[in-house]
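**Student:** What follows is model29.cif; its format and atoms are mmCIF, C-alpha atoms.
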data_target
loop_
_atom_site.label_atom_id
_atom_site.label_comp_id
_atom_site.auth_asym_id
_atom_site.auth_seq_id
_atom_site.Cartn_x
_atom_site.Cartn_y
_atom_site.Cartn_z
CA MET A 1 30.44 -3.54 21.95
CA ALA A 2 31.23 -7.08 20.80
CA ALA A 3 34.06 -7.49 18.34
CA GLY A 4 31.79 -9.05 15.69
CA SER A 5 29.15 -6.34 15.81
CA GLN A 6 27.78 -5.23 12.43
CA LEU A 7 26.95 -1.72 13.56
CA VAL A 8 28.88 1.23 14.85
CA GLN A 9 27.37 2.93 17.88
CA ILE A 10 26.64 6.58 17.14
CA ALA A 11 25.53 8.55 20.18
CA ILE A 12 23.09 11.23 19.03
CA GLY A 13 21.49 11.65 22.43
CA PRO A 14 21.92 10.42 26.00
CA PRO A 15 20.32 7.01 26.61
CA VAL A 16 17.09 6.90 28.56
CA ARG A 17 17.83 5.51 32.03
CA GLN A 18 14.34 4.44 32.95
CA PRO A 19 12.30 1.26 32.56
CA LYS A 20 10.14 0.89 29.48
CA PRO A 21 6.82 2.68 30.15
CA GLU A 22 3.68 0.62 30.61
CA TRP A 23 2.21 1.89 27.34
CA LEU A 24 5.11 0.26 25.45
CA ARG A 25 4.59 -3.21 26.83
CA ALA A 26 3.24 -5.54 24.13
CA LYS A 27 1.98 -9.06 24.74
CA ALA A 28 4.31 -11.93 23.90
CA PRO A 29 3.31 -13.53 20.57
CA SER A 30 1.22 -16.68 20.87
CA GLY A 31 -1.93 -18.31 19.54
CA GLU A 32 -2.90 -20.68 16.75
CA ASN A 33 -2.89 -18.08 13.97
CA PHE A 34 0.58 -16.91 15.03
CA ARG A 35 1.93 -20.46 14.89
CA ASN A 36 0.24 -21.23 11.58
CA LEU A 37 1.54 -18.09 9.87
CA LYS A 38 5.04 -18.75 11.14
CA LYS A 39 4.85 -22.32 9.83
CA LEU A 40 3.56 -21.07 6.45
CA ALA A 41 6.38 -18.52 6.08
CA ARG A 42 8.98 -21.16 6.96
CA GLY A 43 7.48 -23.70 4.58
CA LEU A 44 7.57 -21.25 1.67
CA GLY A 45 11.04 -19.96 2.53
CA LEU A 46 9.77 -16.42 3.09
CA HIS A 47 11.01 -13.63 5.35
CA THR A 48 8.79 -11.23 7.27
CA VAL A 49 9.87 -7.81 8.47
CA CYS A 50 7.73 -8.54 11.52
CA GLU A 51 10.41 -10.97 12.71
CA SER A 52 13.53 -9.46 11.15
CA ALA A 53 12.82 -5.98 12.54
CA GLN A 54 11.62 -7.31 15.92
CA CYS A 55 8.26 -5.55 15.60
CA PRO A 56 6.43 -5.28 18.95
CA ASN A 57 3.05 -5.83 17.23
CA ILE A 58 3.88 -9.24 15.76
CA GLY A 59 1.56 -11.12 18.10
CA GLU A 60 -1.45 -8.87 17.46
CA CYS A 61 -0.97 -8.69 13.69
CA TRP A 62 -0.21 -12.36 13.13
CA ASN A 63 -3.20 -13.43 15.20
CA HIS A 64 -5.30 -11.26 12.85
CA ARG A 65 -3.65 -13.17 9.94
CA THR A 66 -1.79 -10.12 8.64
CA ALA A 67 1.95 -9.95 8.02
CA THR A 68 4.43 -7.81 6.14
CA PHE A 69 6.42 -9.95 3.72
CA MET A 70 10.03 -8.95 3.09
CA LEU A 71 11.44 -9.38 -0.43
CA LEU A 72 14.99 -9.61 -1.75
CA GLY A 73 16.31 -11.88 1.00
CA ASP A 74 17.01 -10.99 4.60
CA ILE A 75 20.43 -9.31 4.30
CA CYS A 76 20.48 -5.52 3.83
CA THR A 77 23.25 -3.65 2.02
CA ARG A 78 22.92 -0.63 4.35
CA ARG A 79 23.82 -0.25 8.02
CA CYS A 80 21.13 2.03 9.40
CA GLY A 81 21.64 2.77 13.07
CA PHE A 82 18.06 1.94 14.12
CA CYS A 83 17.31 -1.23 12.19
CA ALA A 84 17.48 -4.83 13.43
CA VAL A 85 17.51 -6.43 9.97
CA PRO A 86 20.87 -8.22 9.39
CA LYS A 87 23.47 -6.32 7.38
CA GLY A 88 26.12 -7.64 4.99
CA LYS A 89 26.65 -8.93 1.47
CA PRO A 90 23.41 -10.45 0.18
CA GLY A 91 23.03 -13.44 -2.10
CA PRO A 92 21.56 -13.30 -5.62
CA LEU A 93 17.99 -12.15 -6.13
CA ASP A 94 15.42 -14.92 -5.80
CA TRP A 95 13.12 -14.68 -8.82
CA ASP A 96 10.75 -17.29 -7.42
CA GLU A 97 10.10 -15.15 -4.33
CA PRO A 98 7.11 -13.32 -5.89
CA ARG A 99 5.29 -16.60 -6.56
CA ARG A 100 5.80 -17.80 -2.99
CA VAL A 101 4.60 -14.50 -1.50
CA ALA A 102 1.50 -14.64 -3.70
CA GLU A 103 0.88 -18.22 -2.57
CA ALA A 104 1.11 -17.16 1.08
CA VAL A 105 -1.30 -14.26 0.52
CA ALA A 106 -3.79 -16.58 -1.20
CA THR A 107 -3.45 -19.26 1.49
CA LEU A 108 -4.14 -16.70 4.21
CA GLY A 109 -7.03 -15.18 2.28
CA LEU A 110 -5.71 -11.67 2.88
CA LYS A 111 -7.75 -8.63 1.82
CA HIS A 112 -4.85 -6.20 2.37
CA THR A 113 -1.21 -7.23 2.17
CA VAL A 114 1.99 -5.28 2.78
CA VAL A 115 5.20 -6.11 0.92
CA THR A 116 8.54 -4.52 1.76
CA SER A 117 12.21 -5.38 1.26
CA VAL A 118 15.73 -4.91 2.43
CA ASN A 119 17.87 -2.38 0.56
CA ARG A 120 19.63 -3.97 -2.41
CA ASP A 121 21.97 -1.24 -3.58
CA ASP A 122 23.84 -3.94 -5.52
CA ASP A 123 20.90 -4.25 -7.95
CA ASN A 124 18.24 -1.56 -7.64
CA LEU A 125 16.57 -2.29 -10.96
CA GLY A 126 16.43 -6.01 -10.20
CA GLY A 127 14.92 -5.27 -6.82
CA ALA A 128 12.26 -3.08 -8.41
CA ARG A 129 11.41 -5.85 -10.87
CA VAL A 130 10.93 -8.32 -8.02
CA PHE A 131 8.51 -5.85 -6.39
CA ALA A 132 6.60 -5.49 -9.67
CA GLU A 133 6.43 -9.23 -10.27
CA THR A 134 5.20 -9.78 -6.71
CA ILE A 135 2.35 -7.33 -7.33
CA HIS A 136 1.44 -9.14 -10.57
CA GLN A 137 1.56 -12.57 -8.93
CA ILE A 138 -0.61 -11.49 -5.97
CA ARG A 139 -3.16 -9.95 -8.35
CA ALA A 140 -3.28 -13.18 -10.37
CA LEU A 141 -4.06 -15.34 -7.33
CA SER A 142 -5.92 -12.84 -5.13
CA PRO A 143 -7.57 -10.24 -7.39
CA GLU A 144 -9.60 -8.75 -4.50
CA CYS A 145 -6.54 -8.20 -2.30
CA ARG A 146 -5.36 -4.61 -1.84
CA ILE A 147 -1.56 -4.36 -2.18
CA GLU A 148 0.66 -1.95 -0.25
CA VAL A 149 4.38 -1.77 -0.97
CA LEU A 150 6.97 -0.25 1.36
CA ILE A 151 9.89 0.43 -0.94
CA PRO A 152 13.53 1.50 -0.49
CA ASP A 153 14.77 4.65 -2.21
CA PHE A 154 16.51 2.72 -5.04
CA GLN A 155 19.34 5.26 -4.66
CA GLY A 156 17.19 7.80 -6.48
CA LEU A 157 16.94 5.80 -9.75
CA GLU A 158 13.70 6.93 -11.37
CA ASN A 159 13.61 3.94 -13.72
CA ALA A 160 13.40 1.65 -10.70
CA LEU A 161 10.60 3.72 -9.19
CA LYS A 162 8.70 3.66 -12.49
CA ILE A 163 8.90 -0.15 -12.61
CA VAL A 164 7.09 -0.35 -9.26
CA ILE A 165 4.57 2.38 -10.10
CA ASN A 166 3.72 0.74 -13.45
CA ALA A 167 2.76 -2.44 -11.57
CA GLU A 168 0.02 -0.32 -9.92
CA PRO A 169 0.15 -1.08 -6.20
CA ASP A 170 -2.79 0.35 -4.25
CA VAL A 171 -0.55 2.10 -1.72
CA LEU A 172 3.10 3.12 -2.17
CA ASN A 173 4.96 3.71 1.08
CA HIS A 174 8.47 5.03 1.58
CA ASN A 175 9.50 5.89 5.11
CA THR A 176 11.14 9.19 6.01
CA GLU A 177 12.16 7.73 9.42
CA THR A 178 13.62 10.86 11.06
CA VAL A 179 14.42 14.56 10.76
CA PRO A 180 17.10 15.83 8.32
CA ARG A 181 19.64 16.65 11.07
CA LEU A 182 19.77 13.01 12.19
CA TYR A 183 19.83 11.34 8.76
CA ARG A 184 23.56 10.61 8.73
CA ALA A 185 23.36 8.65 11.99
CA VAL A 186 19.95 7.07 11.54
CA ARG A 187 19.70 6.29 7.81
CA SER A 188 23.05 5.19 6.43
CA GLY A 189 23.20 5.77 2.68
CA ALA A 190 19.90 7.67 2.54
CA ARG A 191 19.26 11.36 1.87
CA TYR A 192 16.32 13.40 3.17
CA GLU A 193 15.90 15.28 -0.11
CA ARG A 194 15.98 11.98 -2.01
CA THR A 195 13.12 10.68 0.13
CA LEU A 196 11.05 13.81 -0.53
CA ARG A 197 11.86 13.62 -4.22
CA LEU A 198 10.69 9.98 -4.41
CA LEU A 199 7.34 10.75 -2.78
CA GLU A 200 6.91 13.82 -4.98
CA ARG A 201 7.66 11.84 -8.14
CA VAL A 202 5.07 9.19 -7.30
CA LYS A 203 2.36 11.84 -7.34
CA ALA A 204 3.75 13.34 -10.54
CA LEU A 205 3.85 9.96 -12.32
CA ALA A 206 0.65 8.51 -10.83
CA PRO A 207 -1.49 11.29 -9.30
CA SER A 208 -4.20 8.93 -8.05
CA MET A 209 -1.81 6.50 -6.33
CA MET A 210 -2.04 6.61 -2.56
CA THR A 211 1.27 7.50 -0.90
CA LYS A 212 2.39 6.95 2.65
CA SER A 213 5.39 7.64 4.86
CA GLY A 214 6.42 7.12 8.47
CA VAL A 215 8.67 8.67 11.09
CA MET A 216 10.14 7.44 14.39
CA VAL A 217 10.48 9.62 17.46
CA GLY A 218 12.77 9.37 20.45
CA LEU A 219 16.12 9.74 18.67
CA GLY A 220 16.89 13.28 19.77
CA GLU A 221 14.72 15.28 17.38
CA THR A 222 12.73 18.33 18.45
CA ILE A 223 9.00 18.96 18.01
CA ALA A 224 9.84 21.86 15.71
CA GLU A 225 11.94 19.57 13.51
CA LEU A 226 9.12 17.02 13.36
CA THR A 227 6.65 19.72 12.39
CA ASP A 228 8.94 20.75 9.53
CA VAL A 229 9.01 17.13 8.32
CA PHE A 230 5.21 16.94 8.48
CA ARG A 231 5.03 20.13 6.44
CA ASP A 232 7.49 18.78 3.84
CA LEU A 233 5.57 15.51 3.46
CA GLY A 234 2.19 17.21 3.34
CA SER A 235 3.37 19.57 0.61
CA ARG A 236 4.40 16.50 -1.47
CA GLY A 237 0.85 15.18 -1.35
CA VAL A 238 1.52 12.27 1.00
CA ASP A 239 -1.84 10.75 1.98
CA ILE A 240 -1.02 8.65 5.07
CA LEU A 241 1.50 9.34 7.84
CA THR A 242 2.56 7.00 10.65
CA ILE A 243 4.35 8.18 13.80
CA GLY A 244 5.80 5.71 16.31
CA GLN A 245 8.31 5.36 19.14
CA TYR A 246 11.83 4.20 18.31
CA LEU A 247 12.77 1.11 20.31
CA ARG A 248 16.42 0.11 20.47
CA PRO A 249 16.93 -3.42 19.09
CA SER A 250 20.28 -3.98 20.84
CA ARG A 251 23.20 -2.19 22.50
CA ASP A 252 24.84 -1.95 19.07
CA HIS A 253 22.04 0.29 17.81
CA LEU A 254 21.31 3.95 18.41
CA PRO A 255 20.30 4.83 21.97
CA ILE A 256 16.82 6.06 22.87
CA TYR A 257 16.87 9.76 23.68
CA ARG A 258 13.50 9.67 25.40
CA PHE A 259 10.09 7.99 25.45
CA TYR A 260 7.16 10.04 24.17
CA THR A 261 3.90 9.81 26.12
CA PRO A 262 0.51 8.91 24.58
CA ASP A 263 -0.55 12.55 25.03
CA GLU A 264 2.49 13.68 23.05
CA PHE A 265 1.61 11.27 20.26
CA GLN A 266 -1.89 12.74 20.17
CA TYR A 267 -0.37 16.22 19.94
CA LEU A 268 1.86 15.13 17.05
CA LYS A 269 -1.15 13.68 15.26
CA GLU A 270 -3.03 16.95 15.60
CA GLU A 271 0.00 18.89 14.38
CA ALA A 272 0.42 16.61 11.36
CA LEU A 273 -3.24 16.81 10.37
CA ARG A 274 -2.79 20.54 9.82
CA PHE A 275 -0.76 19.73 6.70
CA GLY A 276 -3.45 17.91 4.75
CA PHE A 277 -2.84 14.20 5.33
CA ARG A 278 -5.90 12.04 4.81
CA HIS A 279 -4.99 9.87 7.77
CA VAL A 280 -2.40 10.00 10.56
CA GLU A 281 -1.67 6.97 12.74
CA SER A 282 0.26 8.13 15.81
CA GLY A 283 1.08 6.11 18.92
CA PRO A 284 3.91 4.47 20.88
CA LEU A 285 3.66 1.09 19.12
CA VAL A 286 2.70 2.36 15.67
CA ARG A 287 4.78 0.97 12.82
CA SER A 288 4.47 1.42 9.04
CA SER A 289 2.20 -1.56 8.48
CA TYR A 290 0.34 -1.45 11.82
CA HIS A 291 -3.41 -1.48 11.05
CA ALA A 292 -2.44 -0.83 7.43
CA HIS A 293 -5.83 -1.96 6.09
CA GLU A 294 -7.61 0.46 8.42
CA GLN A 295 -5.31 3.30 7.36
CA ALA A 296 -6.14 2.68 3.71
CA ASP A 297 -9.88 2.46 4.48
CA ALA A 298 -9.69 5.82 6.25
CA THR A 299 -8.49 7.54 3.08
CA ALA A 300 -11.74 7.05 1.19
CA THR A 301 -12.56 10.73 1.71
CA PRO A 302 -10.88 13.38 -0.48
CA ARG A 303 -7.54 14.76 0.65
CA ALA A 304 -7.75 18.05 2.52
CA ILE A 305 -6.25 21.11 0.86
#
Please re-express this file's structure in C-alpha coordinates.

**Tutor:**
Amino acid sequence: MAAGSQLVQIAIGPPVRQPKPEWLRAKAPSGENFRNLKKLARGLGLHTVCESAQCPNIGECWNHRTATFMLLGDICTRRCGFCAVPKGKPGPLDWDEPRRVAEAVATLGLKHTVVTSVNRDDDNLGGARVFAETIHQIRALSPECRIEVLIPDFQGLENALKIVINAEPDVLNHNTETVPRLYRAVRSGARYERTLRLLERVKALAPSMMTKSGVMVGLGETIAELTDVFRDLGSRGVDILTIGQYLRPSRDHLPIYRFYTPDEFQYLKEEALRFGFRHVESGPLVRSSYHAHEQADATATPRAI
(Lines of atoms letter the chains of each structure in order from A and count residues from 1; the text may use other names and numbers.)
(Lines give C-alpha, C1' and ligand atoms only; values in the text may rest on other atoms or scores of the structure.)
Protein backbone atom coordinates (compact mmCIF):
# COMPACT_ATOMS: atom_id res chain seq x y z
CA MET A 1 0.00 0.00 0.00
CA ALA A 2 1.31 3.46 -0.87
CA ALA A 3 2.66 5.55 1.96
CA GLY A 4 0.10 8.33 1.40
CA SER A 5 -2.93 6.06 1.38
CA GLN A 6 -5.96 7.37 3.28
CA LEU A 7 -7.31 3.94 4.12
CA VAL A 8 -6.11 0.98 6.10
CA GLN A 9 -6.55 -2.37 4.40
CA ILE A 10 -8.71 -4.67 6.51
CA ALA A 11 -8.90 -8.21 5.18
CA ILE A 12 -12.33 -9.61 6.02
CA GLY A 13 -12.25 -12.25 3.31
CA PRO A 14 -9.86 -13.65 0.71
CA PRO A 15 -9.76 -11.58 -2.49
CA VAL A 16 -11.50 -12.95 -5.54
CA ARG A 17 -8.86 -14.15 -8.00
CA GLN A 18 -10.96 -14.15 -11.13
CA PRO A 19 -11.76 -11.61 -13.85
CA LYS A 20 -14.82 -9.44 -13.41
CA PRO A 21 -17.84 -11.41 -14.66
CA GLU A 22 -19.54 -10.34 -17.87
CA TRP A 23 -22.67 -9.24 -16.00
CA LEU A 24 -20.59 -6.61 -14.17
CA ARG A 25 -19.23 -4.93 -17.26
CA ALA A 26 -20.80 -1.49 -17.72
CA LYS A 27 -20.38 0.69 -20.79
CA ALA A 28 -17.89 3.54 -20.61
CA PRO A 29 -19.69 6.86 -20.07
CA SER A 30 -20.22 8.92 -23.22
CA GLY A 31 -22.89 10.84 -25.11
CA GLU A 32 -24.17 14.40 -25.32
CA ASN A 33 -26.29 14.27 -22.16
CA PHE A 34 -23.34 12.89 -20.20
CA ARG A 35 -21.10 15.73 -21.37
CA ASN A 36 -23.75 18.39 -20.76
CA LEU A 37 -24.50 17.23 -17.22
CA LYS A 38 -20.81 17.08 -16.39
CA LYS A 39 -20.38 20.62 -17.73
CA LEU A 40 -23.38 21.82 -15.72
CA ALA A 41 -22.08 20.31 -12.46
CA ARG A 42 -18.65 21.87 -13.03
CA GLY A 43 -20.13 25.25 -13.89
CA LEU A 44 -22.19 25.32 -10.69
CA GLY A 45 -19.36 23.99 -8.53
CA LEU A 46 -21.35 20.89 -7.56
CA HIS A 47 -20.22 17.37 -6.65
CA THR A 48 -21.98 14.18 -7.68
CA VAL A 49 -21.69 10.89 -5.86
CA CYS A 50 -21.83 9.30 -9.31
CA GLU A 51 -18.26 10.51 -9.91
CA SER A 52 -16.90 10.57 -6.36
CA ALA A 53 -18.02 7.00 -5.61
CA GLN A 54 -17.02 5.71 -9.08
CA CYS A 55 -20.53 4.41 -9.78
CA PRO A 56 -20.61 1.90 -12.66
CA ASN A 57 -23.99 3.25 -13.84
CA ILE A 58 -22.85 6.83 -14.42
CA GLY A 59 -23.07 6.57 -18.20
CA GLU A 60 -26.59 5.13 -18.23
CA CYS A 61 -27.97 7.50 -15.59
CA TRP A 62 -26.38 10.67 -16.91
CA ASN A 63 -27.54 9.94 -20.44
CA HIS A 64 -31.07 9.74 -18.97
CA ARG A 65 -30.39 13.17 -17.38
CA THR A 66 -30.47 11.84 -13.81
CA ALA A 67 -27.72 12.33 -11.25
CA THR A 68 -27.24 12.10 -7.51
CA PHE A 69 -25.98 15.41 -6.15
CA MET A 70 -23.62 15.28 -3.18
CA LEU A 71 -23.92 17.99 -0.51
CA LEU A 72 -21.51 19.24 2.15
CA GLY A 73 -18.41 19.21 -0.06
CA ASP A 74 -16.50 16.22 -1.33
CA ILE A 75 -14.37 15.36 1.73
CA CYS A 76 -15.81 12.82 4.19
CA THR A 77 -14.97 12.75 7.90
CA ARG A 78 -15.19 8.93 8.03
CA ARG A 79 -12.90 6.29 6.54
CA CYS A 80 -15.26 3.51 5.49
CA GLY A 81 -13.41 0.58 3.99
CA PHE A 82 -15.61 0.30 0.88
CA CYS A 83 -16.05 3.92 -0.19
CA ALA A 84 -14.15 5.82 -2.89
CA VAL A 85 -15.16 9.30 -1.68
CA PRO A 86 -12.05 11.22 -0.47
CA LYS A 87 -11.46 11.26 3.28
CA GLY A 88 -9.92 13.97 5.45
CA LYS A 89 -10.65 17.28 7.14
CA PRO A 90 -13.40 19.08 5.24
CA GLY A 91 -13.75 22.81 4.70
CA PRO A 92 -16.61 24.93 6.07
CA LEU A 93 -20.18 24.20 5.02
CA ASP A 94 -21.23 25.92 1.81
CA TRP A 95 -24.58 27.58 2.47
CA ASP A 96 -25.03 28.50 -1.19
CA GLU A 97 -24.87 24.82 -2.19
CA PRO A 98 -28.66 24.29 -1.89
CA ARG A 99 -29.37 27.09 -4.37
CA ARG A 100 -26.93 25.68 -6.92
CA VAL A 101 -28.34 22.15 -6.61
CA ALA A 102 -31.85 23.53 -7.11
CA GLU A 103 -30.66 25.44 -10.17
CA ALA A 104 -29.16 22.26 -11.64
CA VAL A 105 -32.38 20.31 -11.00
CA ALA A 106 -34.44 23.04 -12.69
CA THR A 107 -32.04 23.32 -15.64
CA LEU A 108 -32.22 19.56 -16.21
CA GLY A 109 -36.00 19.52 -15.80
CA LEU A 110 -35.81 16.56 -13.43
CA LYS A 111 -38.98 14.86 -12.21
CA HIS A 112 -37.15 12.83 -9.54
CA THR A 113 -33.89 13.95 -7.96
CA VAL A 114 -31.63 12.26 -5.42
CA VAL A 115 -29.55 14.29 -2.98
CA THR A 116 -26.94 12.74 -0.70
CA SER A 117 -23.85 13.92 1.17
CA VAL A 118 -20.57 13.00 2.72
CA ASN A 119 -20.50 12.44 6.48
CA ARG A 120 -19.87 15.69 8.35
CA ASP A 121 -19.38 14.54 11.92
CA ASP A 122 -17.82 17.95 12.60
CA ASP A 123 -21.25 19.61 12.24
CA ASN A 124 -24.20 17.23 12.08
CA LEU A 125 -26.85 19.87 12.73
CA GLY A 126 -25.37 22.16 10.09
CA GLY A 127 -25.32 19.29 7.62
CA ALA A 128 -28.98 18.54 8.33
CA ARG A 129 -29.88 22.19 7.76
CA VAL A 130 -28.14 22.15 4.38
CA PHE A 131 -30.23 19.08 3.43
CA ALA A 132 -33.42 20.85 4.54
CA GLU A 133 -32.58 24.06 2.69
CA THR A 134 -31.79 22.06 -0.46
CA ILE A 135 -35.25 20.46 -0.30
CA HIS A 136 -36.87 23.89 0.11
CA GLN A 137 -34.88 25.41 -2.76
CA ILE A 138 -35.68 22.53 -5.14
CA ARG A 139 -39.39 22.78 -4.27
CA ALA A 140 -39.33 26.53 -4.95
CA LEU A 141 -37.86 26.12 -8.44
CA SER A 142 -39.23 22.68 -9.40
CA PRO A 143 -42.49 22.12 -7.48
CA GLU A 144 -43.35 18.99 -9.51
CA CYS A 145 -40.01 17.30 -8.81
CA ARG A 146 -40.02 14.36 -6.38
CA ILE A 147 -37.12 14.62 -3.91
CA GLU A 148 -35.22 11.67 -2.46
CA VAL A 149 -32.53 12.23 0.17
CA LEU A 150 -29.85 9.69 1.08
CA ILE A 151 -28.71 10.86 4.50
CA PRO A 152 -25.86 9.97 6.88
CA ASP A 153 -26.67 8.80 10.40
CA PHE A 154 -25.87 12.21 11.98
CA GLN A 155 -24.21 10.21 14.79
CA GLY A 156 -27.66 9.37 16.11
CA LEU A 157 -28.69 13.00 16.80
CA GLU A 158 -32.47 13.04 16.60
CA ASN A 159 -32.63 16.82 16.27
CA ALA A 160 -30.65 16.55 13.03
CA LEU A 161 -32.97 13.84 11.73
CA LYS A 162 -36.02 15.95 12.61
CA ILE A 163 -34.64 18.89 10.64
CA VAL A 164 -34.54 16.75 7.49
CA ILE A 165 -37.92 15.10 8.13
CA ASN A 166 -39.59 18.48 8.74
CA ALA A 167 -38.47 19.58 5.26
CA GLU A 168 -40.69 16.76 3.93
CA PRO A 169 -38.64 14.89 1.33
CA ASP A 170 -40.66 12.37 -0.68
CA VAL A 171 -38.24 9.52 0.06
CA LEU A 172 -35.77 9.25 2.95
CA ASN A 173 -32.95 6.78 2.38
CA HIS A 174 -30.27 5.66 4.80
CA ASN A 175 -28.10 2.76 3.74
CA THR A 176 -27.44 -0.22 5.99
CA GLU A 177 -24.55 -1.30 3.68
CA THR A 178 -23.65 -4.65 5.29
CA VAL A 179 -24.37 -7.19 8.02
CA PRO A 180 -23.68 -6.39 11.71
CA ARG A 181 -20.61 -8.66 11.95
CA LEU A 182 -18.78 -6.65 9.28
CA TYR A 183 -19.73 -3.14 10.43
CA ARG A 184 -16.42 -2.36 12.13
CA ALA A 185 -14.45 -3.03 8.94
CA VAL A 186 -16.94 -1.75 6.41
CA ARG A 187 -18.59 1.27 8.07
CA SER A 188 -16.08 3.20 10.15
CA GLY A 189 -17.85 5.23 12.82
CA ALA A 190 -21.28 3.70 12.13
CA ARG A 191 -23.35 1.33 14.27
CA TYR A 192 -25.86 -1.22 13.00
CA GLU A 193 -28.33 -0.52 15.80
CA ARG A 194 -28.02 3.22 15.12
CA THR A 195 -28.98 2.63 11.49
CA LEU A 196 -32.03 0.59 12.50
CA ARG A 197 -32.97 3.20 15.07
CA LEU A 198 -32.81 5.99 12.46
CA LEU A 199 -35.09 4.15 10.03
CA GLU A 200 -37.48 3.27 12.86
CA ARG A 201 -37.63 6.87 14.06
CA VAL A 202 -38.50 8.17 10.59
CA LYS A 203 -41.64 6.04 10.60
CA ALA A 204 -42.46 7.10 14.16
CA LEU A 205 -42.05 10.81 13.37
CA ALA A 206 -43.53 10.74 9.85
CA PRO A 207 -45.53 7.53 9.31
CA SER A 208 -46.41 8.33 5.69
CA MET A 209 -42.85 9.16 4.62
CA MET A 210 -41.35 6.59 2.28
CA THR A 211 -38.17 5.02 3.65
CA LYS A 212 -35.44 3.17 1.83
CA SER A 213 -32.19 1.37 2.57
CA GLY A 214 -29.53 -0.55 0.68
CA VAL A 215 -26.99 -3.31 1.25
CA MET A 216 -23.87 -4.46 -0.60
CA VAL A 217 -22.92 -8.09 -1.03
CA GLY A 218 -19.58 -9.74 -1.68
CA LEU A 219 -17.75 -8.65 1.48
CA GLY A 220 -17.80 -12.00 3.26
CA GLU A 221 -21.35 -12.06 4.61
CA THR A 222 -23.52 -15.17 4.58
CA ILE A 223 -27.01 -15.57 3.12
CA ALA A 224 -28.33 -16.19 6.62
CA GLU A 225 -26.84 -12.90 7.82
CA LEU A 226 -28.38 -11.05 4.88
CA THR A 227 -31.76 -12.59 5.61
CA ASP A 228 -31.51 -11.36 9.20
CA VAL A 229 -30.80 -7.83 7.91
CA PHE A 230 -33.80 -8.01 5.57
CA ARG A 231 -35.95 -9.08 8.51
CA ASP A 232 -34.64 -6.22 10.69
CA LEU A 233 -35.30 -3.63 7.99
CA GLY A 234 -38.72 -5.02 7.13
CA SER A 235 -39.77 -4.93 10.77
CA ARG A 236 -38.84 -1.20 10.86
CA GLY A 237 -41.29 -0.49 8.04
CA VAL A 238 -38.69 0.20 5.35
CA ASP A 239 -40.50 0.51 2.01
CA ILE A 240 -37.72 0.11 -0.58
CA LEU A 241 -34.61 -2.08 -0.44
CA THR A 242 -31.68 -2.11 -2.86
CA ILE A 243 -29.16 -4.96 -3.09
CA GLY A 244 -26.00 -4.67 -5.19
CA GLN A 245 -22.53 -6.12 -5.68
CA TYR A 246 -19.61 -4.50 -3.87
CA LEU A 247 -16.89 -3.43 -6.29
CA ARG A 248 -13.47 -2.58 -4.91
CA PRO A 249 -12.50 1.02 -5.80
CA SER A 250 -8.75 0.48 -5.28
CA ARG A 251 -6.18 -1.79 -3.63
CA ASP A 252 -6.47 0.37 -0.51
CA HIS A 253 -10.10 -0.64 -0.05
CA LEU A 254 -11.65 -3.83 1.26
CA PRO A 255 -11.16 -6.89 -0.96
CA ILE A 256 -14.03 -8.60 -2.75
CA TYR A 257 -14.86 -11.92 -1.11
CA ARG A 258 -16.83 -13.17 -4.09
CA PHE A 259 -19.06 -12.14 -6.99
CA TYR A 260 -22.75 -13.01 -6.70
CA THR A 261 -24.48 -14.30 -9.83
CA PRO A 262 -27.67 -12.81 -11.32
CA ASP A 263 -29.56 -15.90 -10.12
CA GLU A 264 -28.33 -15.28 -6.57
CA PHE A 265 -29.52 -11.68 -6.75
CA GLN A 266 -32.94 -12.93 -7.84
CA TYR A 267 -32.95 -15.31 -4.87
CA LEU A 268 -32.06 -12.47 -2.49
CA LYS A 269 -34.88 -10.38 -3.93
CA GLU A 270 -37.36 -13.17 -3.33
CA GLU A 271 -36.07 -13.65 0.21
CA ALA A 272 -36.33 -9.93 0.97
CA LEU A 273 -39.87 -9.63 -0.38
CA ARG A 274 -41.00 -12.06 2.32
CA PHE A 275 -40.47 -9.28 4.88
CA GLY A 276 -42.97 -6.79 3.51
CA PHE A 277 -40.97 -4.35 1.39
CA ARG A 278 -43.01 -2.56 -1.23
CA HIS A 279 -40.18 -2.81 -3.74
CA VAL A 280 -36.82 -4.59 -3.89
CA GLU A 281 -34.21 -3.70 -6.52
CA SER A 282 -31.61 -6.48 -6.62
CA GLY A 283 -28.84 -6.95 -9.17
CA PRO A 284 -25.07 -6.84 -9.69
CA LEU A 285 -24.94 -3.16 -10.71
CA VAL A 286 -27.73 -1.91 -8.44
CA ARG A 287 -26.85 1.13 -6.34
CA SER A 288 -28.97 3.26 -3.99
CA SER A 289 -30.11 5.73 -6.62
CA TYR A 290 -30.16 3.36 -9.61
CA HIS A 291 -33.59 3.67 -11.27
CA ALA A 292 -34.66 5.61 -8.18
CA HIS A 293 -37.69 7.14 -9.91
CA GLU A 294 -38.90 3.69 -10.95
CA GLN A 295 -38.43 2.38 -7.40
CA ALA A 296 -40.58 5.20 -6.03
CA ASP A 297 -43.24 4.65 -8.71
CA ALA A 298 -43.40 0.97 -7.76
CA THR A 299 -44.43 1.82 -4.20
CA ALA A 300 -47.80 3.24 -5.17
CA THR A 301 -49.47 0.08 -3.85
CA PRO A 302 -49.97 -0.38 -0.09
CA ARG A 303 -47.16 -1.97 1.89
CA ALA A 304 -47.58 -5.68 2.51
CA ILE A 305 -48.12 -6.80 6.10

**Student:** Starting from the shown file, work through the PyMOL selection byres ((chain A and resi 149) around 8) and note down what comes out as a count of residues only.

**Tutor:** 12

**Student:** Near stretch 235-238 of chain A, counting all atoms listed in the file, which residues have an atom at most 6 Å away, once you skip same-chain residues fewer than 5 positions from it, shown as a list in words?

**Tutor:**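 The filter keeps Glu200, Thr211 and Lys212 of chain A.
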
**Student:** As an exercise, work out the distance from atom CA of A:Leu71 to atom CA of A:Arg184 in Å and give it to one decimal place.

**Tutor:** 25.1 Å

**Student:** Show which residues sit within 12 Å of A:Glu270, as a list in words. Count only C-alpha atoms, and ignore same-chain residues fewer than 2 positions away.

**Tutor:**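 Final neighbour list, sorted by chain and number: Thr227, Phe230, Leu241, Ile243, Asp263, Glu264, Phe265, Gln266, Tyr267, Leu268, Ala272, Leu273, Arg274, Phe275, Gly276, Phe277, His279, Val280, Glu281 and Ser282 of chain A.
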
**Student:** Could you jot down the atom CA of A:Pro98 to atom CA of A:Leu157 separation for me, Å, one decimal place?

**Tutor:**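 According to the coordinates, atom CA of A:Pro98 and atom CA of A:Leu157 are separated by 21.8 Å.
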
**Student:** Point out the residue among A:Gln155, A:Ser117, A:Val105, A:Tyr192 with the least atom-to-atom distance to A:Ser142, counting all atoms listed in the file.

**Tutor:** A:Val105

**Student:** Could you list, as number ranges by chain, every residue matched by the PyMOL selection byres ((chain A and resi 120) around 8) in this structure?

**Tutor:** A: 72, 76-77, 90, 118-119, 121-124, 127, 154

**Student:** Determine the residue membership of the PyMOL selection byres ((chain A and resi 284-286) around 6) for the file above and supply it as a CSV table (one decimal) with C-alpha atoms, in the coordinates of the input.

**Tutor:**
chain,number,residue,atom,x,y,z
A,244,GLY,CA,5.8,5.7,16.3
A,245,GLN,CA,8.3,5.4,19.1
A,283,GLY,CA,1.1,6.1,18.9
A,287,ARG,CA,4.8,1.0,12.8
A,290,TYR,CA,0.3,-1.4,11.8

**Student:** Just the number, please: distance in Å from atom CA of A:Cys145 to atom CA of A:Ala128, one decimal.

**Tutor:**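 Computing the Euclidean distance for atom CA of A:Cys145 and atom CA of A:Ala128 yields 20.4 Å.
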